[in-house]
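J.: My file is work_5.txt. It has compact mmCIF, C-alpha atoms:
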# COMPACT_ATOMS: atom_id res chain seq x y z
CA MET Q 1 16.44 34.75 51.43
CA ASN Q 2 19.82 33.18 50.97
CA PRO Q 3 20.65 33.25 47.26
CA ALA Q 4 22.49 29.93 47.60
CA LEU Q 5 19.16 28.21 48.27
CA ILE Q 6 17.64 29.31 44.99
CA PRO Q 7 18.23 26.50 42.54
CA LEU Q 8 20.43 27.85 39.80
CA VAL Q 9 19.15 26.79 36.39
CA THR Q 10 22.11 26.50 34.08
CA GLY Q 11 22.32 25.73 30.39
CA THR Q 12 23.53 22.23 31.22
CA GLU Q 13 20.43 21.56 33.28
CA VAL Q 14 18.07 22.79 30.57
CA THR Q 15 19.90 20.63 28.06
CA PHE Q 16 19.71 17.65 30.35
CA TRP Q 17 15.99 17.87 31.03
CA VAL Q 18 15.08 18.47 27.38
CA CYS Q 19 17.33 15.66 26.14
CA ALA Q 20 16.36 13.27 28.94
CA THR Q 21 12.66 13.67 28.09
CA MET Q 22 13.32 13.10 24.41
CA MET Q 23 15.52 10.07 25.15
CA VAL Q 24 12.98 8.37 27.37
CA LEU Q 25 10.24 9.03 24.81
CA GLY Q 26 12.47 7.67 22.05
CA ALA Q 27 13.31 4.58 24.08
CA LEU Q 28 9.62 3.97 24.76
CA GLY Q 29 8.94 4.39 21.05
CA LEU Q 30 11.63 1.82 20.30
CA VAL Q 31 9.86 -0.71 22.50
CA LEU Q 32 6.26 0.18 21.66
CA PHE Q 33 6.12 0.90 17.91
CA ARG Q 34 5.09 -2.15 15.94
CA LYS Q 35 6.77 -1.20 12.68
CA ALA Q 36 10.52 -1.77 12.56
CA VAL Q 37 11.32 1.48 10.73
CA TYR Q 38 9.53 3.60 13.35
CA CYS Q 39 11.58 1.78 15.99
CA ALA Q 40 14.78 2.60 14.09
CA LEU Q 41 13.81 6.27 13.88
CA SER Q 42 13.03 6.37 17.63
CA MET Q 43 16.47 4.88 18.19
CA VAL Q 44 18.00 7.68 16.10
CA VAL Q 45 16.21 10.23 18.32
CA VAL Q 46 17.72 8.60 21.41
CA MET Q 47 21.21 8.54 19.91
CA VAL Q 48 21.21 12.14 18.70
CA ASN Q 49 20.01 13.34 22.10
CA LEU Q 50 22.68 11.24 23.77
CA ALA Q 51 25.23 12.97 21.54
CA VAL Q 52 23.94 16.32 22.78
CA LEU Q 53 24.37 15.11 26.36
CA TYR Q 54 27.97 14.14 25.59
CA ALA Q 55 28.55 17.66 24.34
CA ALA Q 56 27.03 19.01 27.55
CA MET Q 57 29.33 16.71 29.53
CA GLU Q 58 32.44 18.28 28.02
CA GLY Q 59 33.09 15.42 25.60
CA PRO Q 60 33.20 16.92 22.10
CA PHE Q 61 35.01 13.87 20.72
CA LEU Q 62 32.34 11.50 22.00
CA PHE Q 63 29.67 13.88 20.68
CA VAL Q 64 31.00 13.64 17.13
CA THR Q 65 31.80 9.92 17.36
CA GLN Q 66 28.32 9.17 18.64
CA ILE Q 67 26.72 10.90 15.67
CA ILE Q 68 29.09 9.50 13.04
CA VAL Q 69 29.48 5.94 14.34
CA TYR Q 70 26.12 5.28 15.95
CA THR Q 71 23.61 7.45 14.13
CA GLY Q 72 25.49 7.48 10.86
CA ALA Q 73 26.95 4.02 10.49
CA ILE Q 74 25.22 1.60 12.84
CA MET Q 75 21.66 2.86 12.39
CA MET Q 76 22.19 3.09 8.64
CA LEU Q 77 23.24 -0.57 8.70
CA PHE Q 78 20.06 -1.44 10.61
CA VAL Q 79 17.83 0.41 8.15
CA PHE Q 80 19.70 -1.18 5.26
CA VAL Q 81 19.10 -4.68 6.65
CA MET Q 82 15.44 -3.76 7.20
CA MET Q 83 15.28 -2.91 3.51
CA LEU Q 84 16.81 -6.29 2.63
CA VAL Q 85 14.57 -8.43 4.84
CA GLY Q 86 11.42 -6.48 4.04
CA ILE Q 87 9.35 -4.43 6.43
CA ASP Q 88 5.87 -5.04 5.08
CA ARG Q 89 4.92 -7.36 7.95
CA PRO Q 90 4.65 -5.66 11.35
CA ASP Q 91 5.64 -7.57 14.46
CA SER Q 92 3.03 -10.11 15.55
CA THR Q 93 1.27 -9.39 18.83
CA VAL Q 94 0.54 -13.01 19.69
CA GLU Q 95 2.28 -14.03 22.89
CA THR Q 96 4.08 -17.35 22.50
CA ILE Q 97 4.80 -17.56 26.22
CA LYS Q 98 1.76 -16.84 28.36
CA GLY Q 99 2.04 -13.61 30.35
CA GLN Q 100 5.47 -12.87 28.87
CA ARG Q 101 4.72 -9.21 28.32
CA VAL Q 102 3.45 -8.53 31.83
CA LEU Q 103 6.33 -10.44 33.38
CA GLY Q 104 8.80 -8.60 31.17
CA LEU Q 105 7.34 -5.28 32.22
CA ILE Q 106 7.53 -6.21 35.91
CA ALA Q 107 11.12 -7.36 35.45
CA GLY Q 108 11.94 -4.06 33.75
CA VAL Q 109 10.41 -1.97 36.52
CA LEU Q 110 12.24 -4.01 39.14
CA LEU Q 111 15.51 -3.69 37.23
CA ALA Q 112 15.07 0.09 36.99
CA ALA Q 113 14.28 0.29 40.71
CA LEU Q 114 17.31 -1.85 41.57
CA LEU Q 115 19.67 0.13 39.35
CA ILE Q 116 18.46 3.50 40.60
CA TYR Q 117 18.60 2.32 44.22
CA ALA Q 118 22.06 0.88 43.70
CA ILE Q 119 23.63 3.86 41.99
CA ALA Q 120 21.85 6.60 43.95
CA GLY Q 121 24.54 6.32 46.61
CA ALA Q 122 27.39 5.86 44.17
CA VAL Q 123 28.06 9.56 43.78
CA THR Q 124 30.61 10.25 46.48
CA VAL Q 125 32.42 13.19 44.93
CA GLY Q 126 30.93 16.29 43.41
CA PRO Q 127 31.27 16.92 39.70
CA ALA Q 128 34.93 17.72 39.23
CA GLY Q 129 34.38 18.78 35.64
CA LEU Q 130 36.63 18.07 32.72
CA ALA Q 131 37.84 21.60 32.10
CA GLY Q 132 41.21 20.79 33.69
CA PRO Q 133 41.93 17.44 31.96
CA ASN Q 134 40.63 18.81 28.67
CA ALA Q 135 42.96 21.82 28.84
CA ALA Q 136 45.98 19.79 30.04
CA ASP Q 137 46.91 18.51 26.58
CA GLY Q 138 45.44 21.36 24.60
CA GLY Q 139 41.96 19.93 24.09
CA ASN Q 140 39.59 17.00 24.60
CA VAL Q 141 40.70 15.19 21.44
CA GLN Q 142 44.38 15.60 22.29
CA GLY Q 143 43.73 14.36 25.82
CA LEU Q 144 41.88 11.27 24.57
CA ALA Q 145 44.60 10.64 21.99
CA GLY Q 146 47.22 10.80 24.74
CA LEU Q 147 45.34 8.13 26.70
CA LEU Q 148 44.56 5.95 23.65
CA PHE Q 149 48.14 5.90 22.39
CA GLY Q 150 49.63 5.86 25.87
CA ARG Q 151 48.01 3.96 28.69
CA TYR Q 152 45.45 2.13 26.52
CA ILE Q 153 47.66 1.41 23.50
CA PHE Q 154 47.38 -2.38 23.89
CA VAL Q 155 43.58 -2.27 24.14
CA PHE Q 156 43.54 -0.02 21.10
CA GLU Q 157 45.60 -2.54 19.13
CA LEU Q 158 43.20 -5.29 20.20
CA THR Q 159 40.21 -3.33 18.88
CA ALA Q 160 41.93 -3.29 15.48
CA ALA Q 161 42.12 -7.10 15.58
CA LEU Q 162 38.49 -7.21 16.70
CA LEU Q 163 37.30 -5.04 13.82
CA ILE Q 164 39.23 -7.08 11.25
CA THR Q 165 37.81 -10.30 12.69
CA ALA Q 166 34.28 -8.87 12.63
CA ALA Q 167 34.63 -7.76 9.01
CA VAL Q 168 35.96 -11.17 7.91
CA GLY Q 169 33.27 -12.92 9.96
CA ALA Q 170 30.51 -10.85 8.37
CA MET Q 171 31.87 -11.65 4.91
CA VAL Q 172 32.01 -15.38 5.69
CA LEU Q 173 28.45 -15.30 7.06
CA ALA Q 174 27.08 -13.33 4.14
CA HIS Q 175 28.80 -15.54 1.56
CA HIS Q 176 26.69 -18.28 0.01
CA GLN Q 177 27.67 -20.98 -2.39
CA ARG Q 178 26.02 -21.25 -5.79
CA ILE Q 179 24.15 -24.55 -6.18
CA HIS Q 180 23.59 -24.24 -9.94
CA PRO Q 181 26.09 -22.67 -12.34
CA LYS Q 182 25.18 -19.13 -13.31
CA ALA Q 183 23.05 -19.05 -16.50
CA LYS Q 184 24.98 -17.23 -19.22
CA GLN Q 185 23.52 -15.41 -22.23
CA ARG Q 186 23.99 -18.50 -24.41
CA ASP Q 187 22.04 -20.67 -21.93
CA LEU Q 188 19.24 -18.12 -21.69
CA ALA Q 189 18.94 -17.98 -25.50
CA ASP Q 190 18.89 -21.80 -25.72
CA GLU Q 191 16.23 -21.89 -23.01
CA ARG Q 192 14.07 -19.42 -24.95
CA MET Q 193 14.39 -21.43 -28.16
CA ARG Q 194 13.49 -24.65 -26.31
CA ALA Q 195 10.40 -22.90 -24.90
CA TYR Q 196 9.50 -21.79 -28.44
CA ALA Q 197 9.86 -25.37 -29.73
CA ALA Q 198 7.86 -26.85 -26.86
CA THR Q 199 5.07 -24.35 -26.27
CA GLY Q 200 5.38 -21.92 -29.18
CA GLU Q 201 6.19 -19.05 -26.83
CA HIS Q 202 7.52 -16.01 -28.67
CA PRO Q 203 11.33 -16.04 -28.24
CA GLY Q 204 11.86 -12.33 -28.89
CA THR Q 205 11.56 -9.39 -26.57
CA LEU Q 206 8.25 -8.64 -24.89
CA PRO Q 207 6.17 -5.77 -26.26
CA ASN Q 208 6.70 -2.54 -24.37
CA SER Q 209 3.91 -0.78 -22.55
CA GLY Q 210 1.50 1.42 -24.45
CA ILE Q 211 2.45 4.97 -25.29
CA PHE Q 212 -0.63 7.07 -25.95
CA ALA Q 213 -1.46 10.71 -26.35
CA THR Q 214 -2.42 10.97 -22.69
CA HIS Q 215 -0.50 8.09 -21.04
CA ASN Q 216 3.02 6.73 -21.17
CA SER Q 217 3.23 4.96 -17.80
CA ILE Q 218 4.33 1.31 -17.53
CA GLY Q 219 0.82 0.55 -16.29
CA ALA Q 220 -0.70 1.42 -19.66
CA PRO Q 221 -1.24 -1.79 -21.71
CA ALA Q 222 -0.30 -1.68 -25.39
CA LEU Q 223 -3.27 -2.05 -27.74
CA LEU Q 224 -3.21 -4.40 -30.71
CA PRO Q 225 -4.51 -3.05 -34.07
CA ASP Q 226 -7.99 -4.44 -33.38
CA GLY Q 227 -8.15 -2.50 -30.11
CA SER Q 228 -7.62 -5.50 -27.80
CA VAL Q 229 -4.97 -5.48 -25.09
CA ALA Q 230 -1.51 -7.06 -25.63
CA GLU Q 231 -1.35 -9.09 -22.41
CA LYS Q 232 2.45 -9.26 -22.24
CA SER Q 233 2.94 -5.51 -22.49
CA VAL Q 234 2.31 -4.96 -18.77
CA SER Q 235 4.05 -6.62 -15.85
CA LYS Q 236 2.14 -9.42 -14.12
CA THR Q 237 2.85 -7.75 -10.79
CA LEU Q 238 1.03 -4.61 -11.87
CA VAL Q 239 -1.93 -6.68 -13.12
CA ALA Q 240 -2.09 -8.55 -9.81
CA ARG Q 241 -2.03 -5.29 -7.89
CA GLY Q 242 -4.71 -3.81 -10.13
CA ALA Q 243 -2.36 -0.95 -10.97
CA THR Q 244 -2.90 -1.11 -14.73
CA ILE Q 245 -4.80 1.59 -16.58
CA ASP Q 246 -8.23 0.64 -17.93
CA PRO Q 247 -7.83 -0.02 -21.70
CA ALA Q 248 -11.33 1.30 -22.44
CA GLY Q 249 -10.28 4.74 -21.28
CA LEU Q 250 -7.10 4.53 -23.38
CA GLN Q 251 -9.00 3.63 -26.51
CA GLU Q 252 -11.43 6.44 -25.81
CA GLY Q 253 -8.67 9.05 -25.35
CA THR Q 254 -6.82 7.94 -28.48
CA ARG Q 255 -10.05 7.97 -30.50
CA ARG Q 256 -10.94 11.44 -29.27
CA ASN Q 257 -7.49 12.77 -30.09
CA PHE Q 258 -7.62 11.30 -33.57
CA GLU Q 259 -11.06 12.84 -34.11
CA GLU Q 260 -9.67 16.19 -33.05
CA LEU Q 261 -6.79 15.82 -35.51
CA GLU Q 262 -9.17 14.82 -38.30
CA ARG Q 263 -11.38 17.80 -37.52
CA VAL Q 264 -8.45 20.24 -37.64
CA ARG Q 265 -7.24 18.66 -40.89
CA ASP Q 266 -10.70 18.90 -42.42
CA ALA Q 267 -10.86 22.55 -41.38
CA ASP Q 268 -7.43 23.16 -42.99
CA GLU Q 269 -8.52 21.50 -46.18
CA GLU Q 270 -11.66 23.63 -46.25
CA ASP Q 271 -9.47 26.72 -45.81
CA ASP Q 272 -7.29 25.63 -48.73
CA GLU Q 273 -10.26 25.25 -51.06
CA MET W 1 24.16 19.94 37.88
CA ASN W 2 23.92 16.82 40.00
CA PRO W 3 25.70 13.96 38.15
CA GLU W 4 23.29 11.51 39.72
CA ASN W 5 20.65 12.59 37.20
CA TYR W 6 22.73 11.16 34.37
CA LEU W 7 23.03 7.84 36.17
CA ILE W 8 19.29 7.66 36.82
CA LEU W 9 18.53 8.50 33.19
CA ALA W 10 20.94 5.75 32.09
CA ALA W 11 19.28 3.28 34.49
CA ILE W 12 15.82 4.11 33.10
CA LEU W 13 17.04 3.71 29.51
CA PHE W 14 18.73 0.42 30.38
CA ALA W 15 15.54 -0.91 31.98
CA ILE W 16 13.38 0.16 28.99
CA ALA W 17 15.84 -1.54 26.63
CA ALA W 18 15.82 -4.68 28.78
CA VAL W 19 12.01 -4.80 28.57
CA GLY W 20 12.33 -4.39 24.80
CA VAL W 21 14.71 -7.35 24.54
CA LEU W 22 12.30 -9.44 26.63
CA VAL W 23 9.05 -8.64 24.82
CA ARG W 24 9.93 -7.88 21.18
CA ARG W 25 10.05 -10.80 18.77
CA ASN W 26 11.63 -9.10 15.76
CA ALA W 27 15.34 -9.89 15.91
CA LEU W 28 16.27 -6.47 14.50
CA ILE W 29 14.33 -4.58 17.18
CA ALA W 30 15.67 -6.79 19.97
CA PHE W 31 19.12 -6.06 18.60
CA MET W 32 18.44 -2.31 18.60
CA CYS W 33 17.39 -2.61 22.24
CA VAL W 34 20.78 -4.20 22.99
CA GLU W 35 22.39 -1.19 21.29
CA LEU W 36 20.33 1.08 23.55
CA MET W 37 21.68 -0.78 26.57
CA LEU W 38 25.24 -0.18 25.36
CA ASN W 39 24.39 3.48 24.82
CA SER W 40 23.07 3.87 28.35
CA CYS W 41 26.28 2.29 29.68
CA ASN W 42 28.24 4.80 27.62
CA LEU W 43 26.23 7.58 29.26
CA VAL W 44 27.23 6.27 32.69
CA LEU W 45 30.90 6.12 31.66
CA ALA W 46 30.86 9.68 30.34
CA ALA W 47 29.00 10.89 33.45
CA PHE W 48 31.58 9.31 35.76
CA ALA W 49 34.37 10.77 33.65
CA GLN W 50 32.94 14.21 34.24
CA MET W 51 32.23 13.49 37.89
CA ARG W 52 35.76 12.34 38.70
CA GLY W 53 37.48 14.82 36.44
CA ASN W 54 39.55 12.51 34.26
CA LEU W 55 39.22 11.30 30.68
CA ASP W 56 39.47 7.54 31.25
CA GLY W 57 35.70 7.16 31.27
CA GLN W 58 35.45 8.76 27.85
CA VAL W 59 38.13 6.42 26.51
CA ALA W 60 36.11 3.49 27.86
CA ALA W 61 32.97 4.83 26.16
CA PHE W 62 34.94 5.07 22.92
CA PHE W 63 35.99 1.41 23.23
CA VAL W 64 32.38 0.41 23.88
CA MET W 65 31.45 2.15 20.62
CA VAL W 66 34.13 0.23 18.71
CA VAL W 67 32.95 -3.08 20.15
CA ALA W 68 29.32 -2.16 19.38
CA ALA W 69 30.23 -1.46 15.76
CA ALA W 70 31.92 -4.85 15.42
CA GLU W 71 29.01 -6.54 17.18
CA VAL W 72 26.44 -4.95 14.88
CA VAL W 73 28.31 -6.09 11.77
CA VAL W 74 28.40 -9.72 12.88
CA GLY W 75 24.91 -9.66 14.42
CA LEU W 76 23.25 -8.25 11.34
CA ALA W 77 25.08 -10.79 9.17
CA ILE W 78 23.62 -13.53 11.36
CA VAL W 79 20.13 -11.98 11.12
CA MET W 80 20.51 -11.90 7.33
CA MET W 81 21.61 -15.53 7.24
CA ILE W 82 18.70 -16.67 9.39
CA TYR W 83 16.35 -14.64 7.18
CA ARG W 84 17.77 -16.31 4.09
CA THR W 85 17.10 -19.81 5.38
CA ARG W 86 13.91 -19.23 7.42
CA ARG W 87 12.31 -16.28 5.54
CA SER W 88 11.64 -14.56 8.85
CA THR W 89 13.38 -12.27 11.34
CA SER W 90 11.25 -13.38 14.27
CA VAL W 91 13.32 -14.85 17.07
CA ASP W 92 10.55 -17.41 17.67
CA ASP W 93 11.01 -18.97 14.25
CA ALA W 94 14.65 -19.90 14.81
CA ASN W 95 13.70 -23.05 16.73
CA LEU W 96 15.52 -25.85 14.92
CA LEU W 97 17.82 -26.51 17.86
CA LYS W 98 14.84 -26.93 20.21
CA LEU W 99 14.27 -30.41 21.66
Reformat the file's structure so that it appears as structure tokens.
T.:
Amino acid sequence: MNPALIPLVTGTEVTFWVCATMMVLGALGLVLFRKAVYCALSMVVVMVNLAVLYAAMEGPFLFVTQIIVYTGAIMMLFVFVMMLVGIDRPDSTVETIKGQRVLGLIAGVLLAALLIYAIAGAVTVGPAGLAGPNAADGGNVQGLAGLLFGRYIFVFELTAALLITAAVGAMVLAHHQRIHPKAKQRDLADERMRAYAATGEHPGTLPNSGIFATHNSIGAPALLPDGSVAEKSVSKTLVARGATIDPAGLQEGTRRNFEELERVRDADEEDDE
Amino acid sequence: MNPENYLILAAILFAIAAVGVLVRRNALIAFMCVELMLNSCNLVLAAFAQMRGNLDGQVAAFFVMVVAAAEVVVGLAIVMMIYRTRRSTSVDDANLLKL
């Protein structure tokens, strides 16, 4: 058998097939997961694998830029905005346009078919490889720098203007005007005193949460001397969530610990006598 | 390694991302799908760079990355602003300009 007919499996091919599988799975995850954070993580998978493909395609500069700019900066920005807008509500599954999902899927399949059909004949020359161009200037980064600051210098200058404009635009969009003047400490104190005069609300600080022999969490309500709970010692949010600790158990633990102390003290006194 | 494989992979990713833009309602996820489209175009540029044996494709991919970074900054600022006024990131809720 002619050895030229045996398909030669190279490292590049193994890399490609592993990364391609991961990328398609990640892209599907991006579209199919209902929670936004899972989608972001699928996107990270796609981007890191794409970076590996760049490395396999003799582009070490793109490899590093992909990881730093896309995975590091852009995805971090996405996750940060997700944190700001809240992620507790997953995407709704109700279709506002009837049959939108099926039509979208059909459109996607057709688009993929069209693209693959269109570009399947686009490869007219074999892979020339970048070993030559990369070595010409002493390395991939040097070669890219030569192009960026040579033939593409004007485009490069324009990207600087673009980035500045984007940064200013984002600041203008994120800026919001204050409708009421900011309440200063003096105003807050006056407000508290007015509330005291009107409703008799205690103007001082709120009682802190209970610190007991067995508990010191913020969910533990402070107990008043008669054993009842000081309502203001725990946050309303915790009460609404039911995350507070049952006061009966607290009283019980404190009582038991005191009894233990009393017993030890009694025993000591008996020893002294 | 046949460079056509890279192009087909990029086409598949582009199509998946296009479906995502069409069917997802969360503005952030639709936006991430747009990013995926840009990434698949970058893959094509890098593949052609390797195929033709010059670095211009990689320079183009680098410029796409710069533009994507600027786009994300402005786009996310817009998403934040819509969230601030409408308390939602769903693209269906931004309907005040509808007739």
J.: Taking all atoms listed in the file into account and nothing else, which residues of chain W lie no more than 6 Å away from chain Q? Please answer as a list in words.
T.: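 The answer, sorted by residue number, is Ile8, Ala11, Ile12, Ala15, Val19, Gly20, Leu22, Val23, Gln50, Met51, Arg52, Gly53, Asn54, Ala70, Val74 and Ala77 of chain W.
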J.: Between Q:Thr205, Q:Ser233, Q:Gln185, Q:Thr214, which one has atoms that come closest to Arg256 (chain Q), using all atoms listed in the file?
T.: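 Smallest separation from Arg256 (chain Q) among the options: Q:Thr214.
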J.: Measuring atom to atom with all atoms listed in the file, identify which of Q:Ala240, Q:Ala55, Q:Leu41, Q:Ala183 is nearest to Ile29 (chain W).
T.: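 Closest to Ile29 (chain W) of all the choices is Q:Leu41.
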J.: Please measure the separation of CA of Ala49 (chain W) and CA of Val72 (chain W), giving the value in Å to one decimal.
T.: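 Computing the Euclidean distance for CA of Ala49 (chain W) and CA of Val72 (chain W) yields 25.7 Å.
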J.: Ranking W:Val79, W:Val64, W:Ala94, W:Asn5 by minimum distance to Ala27 (chain W) and counting only C-alpha atoms, which one comes first?
T.: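 Using only C-alpha atoms, Ala27 (chain W) sits closest to W:Val79.
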J.: Write out as a list in words each polymer residue whose atoms come within 8 Å of region 216-220 of chain Q, counting only C-alpha atoms; drop sequence neighbours fewer than 5 positions from it.
T.: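 Near region 216-220 of chain Q, the qualifying residues are Ser209, Gly210, Ile211, Val234, Ser235, Leu238, Ala243, Thr244, Ile245, Asp246 and Pro247 of chain Q.
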J.: Could you take the residues named above and write them with C-alpha atoms, as a PDB file, in the coordinates of the input?
T.:
ATOM      1  CA  SER Q 209       3.910  -0.780 -22.550  1.00  0.00           C
ATOM      2  CA  GLY Q 210       1.500   1.420 -24.450  1.00  0.00           C
ATOM      3  CA  ILE Q 211       2.450   4.970 -25.290  1.00  0.00           C
ATOM      4  CA  VAL Q 234       2.310  -4.960 -18.770  1.00  0.00           C
ATOM      5  CA  SER Q 235       4.050  -6.620 -15.850  1.00  0.00           C
ATOM      6  CA  LEU Q 238       1.030  -4.610 -11.870  1.00  0.00           C
ATOM      7  CA  ALA Q 243      -2.360  -0.950 -10.970  1.00  0.00           C
ATOM      8  CA  THR Q 244      -2.900  -1.110 -14.730  1.00  0.00           C
ATOM      9  CA  ILE Q 245      -4.800   1.590 -16.580  1.00  0.00           C
ATOM     10  CA  ASP Q 246      -8.230   0.640 -17.930  1.00  0.00           C
ATOM     11  CA  PRO Q 247      -7.830  -0.020 -21.700  1.00  0.00           C
TER      12      PRO Q 247
END
J.: Is there a way to complete region 60-73 of chain W with N, CA and C atoms and then write that out as a CSV table (one decimal), in the frame of the given file?
T.:
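Saved result, rebuild_15.csv, follows:
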chain,number,residue,atom,x,y,z
W,60,ALA,N,36.9,4.7,27.7
W,60,ALA,CA,36.1,3.5,27.9
W,60,ALA,C,34.9,3.5,27.0
W,61,ALA,N,34.2,4.7,27.0
W,61,ALA,CA,33.0,4.8,26.2
W,61,ALA,C,33.3,4.7,24.7
W,62,PHE,N,34.5,5.2,24.3
W,62,PHE,CA,34.9,5.1,22.9
W,62,PHE,C,35.2,3.6,22.6
W,63,PHE,N,35.8,2.8,23.5
W,63,PHE,CA,36.0,1.4,23.2
W,63,PHE,C,34.7,0.7,23.1
W,64,VAL,N,33.7,1.0,24.0
W,64,VAL,CA,32.4,0.4,23.9
W,64,VAL,C,31.8,0.6,22.5
W,65,MET,N,32.0,1.9,22.0
W,65,MET,CA,31.4,2.2,20.6
W,65,MET,C,32.1,1.3,19.6
W,66,VAL,N,33.4,1.1,19.7
W,66,VAL,CA,34.1,0.2,18.7
W,66,VAL,C,33.6,-1.2,18.8
W,67,VAL,N,33.4,-1.7,20.0
W,67,VAL,CA,33.0,-3.1,20.2
W,67,VAL,C,31.5,-3.2,19.6
W,68,ALA,N,30.7,-2.1,19.9
W,68,ALA,CA,29.3,-2.2,19.4
W,68,ALA,C,29.3,-2.2,17.9
W,69,ALA,N,30.2,-1.5,17.2
W,69,ALA,CA,30.2,-1.5,15.8
W,69,ALA,C,30.6,-2.9,15.2
W,70,ALA,N,31.6,-3.5,15.8
W,70,ALA,CA,31.9,-4.8,15.4
W,70,ALA,C,30.8,-5.8,15.7
W,71,GLU,N,30.1,-5.6,16.8
W,71,GLU,CA,29.0,-6.5,17.2
W,71,GLU,C,27.9,-6.4,16.2
W,72,VAL,N,27.6,-5.2,15.8
W,72,VAL,CA,26.4,-5.0,14.9
W,72,VAL,C,26.7,-5.6,13.5
W,73,VAL,N,28.0,-5.5,13.1
W,73,VAL,CA,28.3,-6.1,11.8
W,73,VAL,C,28.0,-7.6,11.8
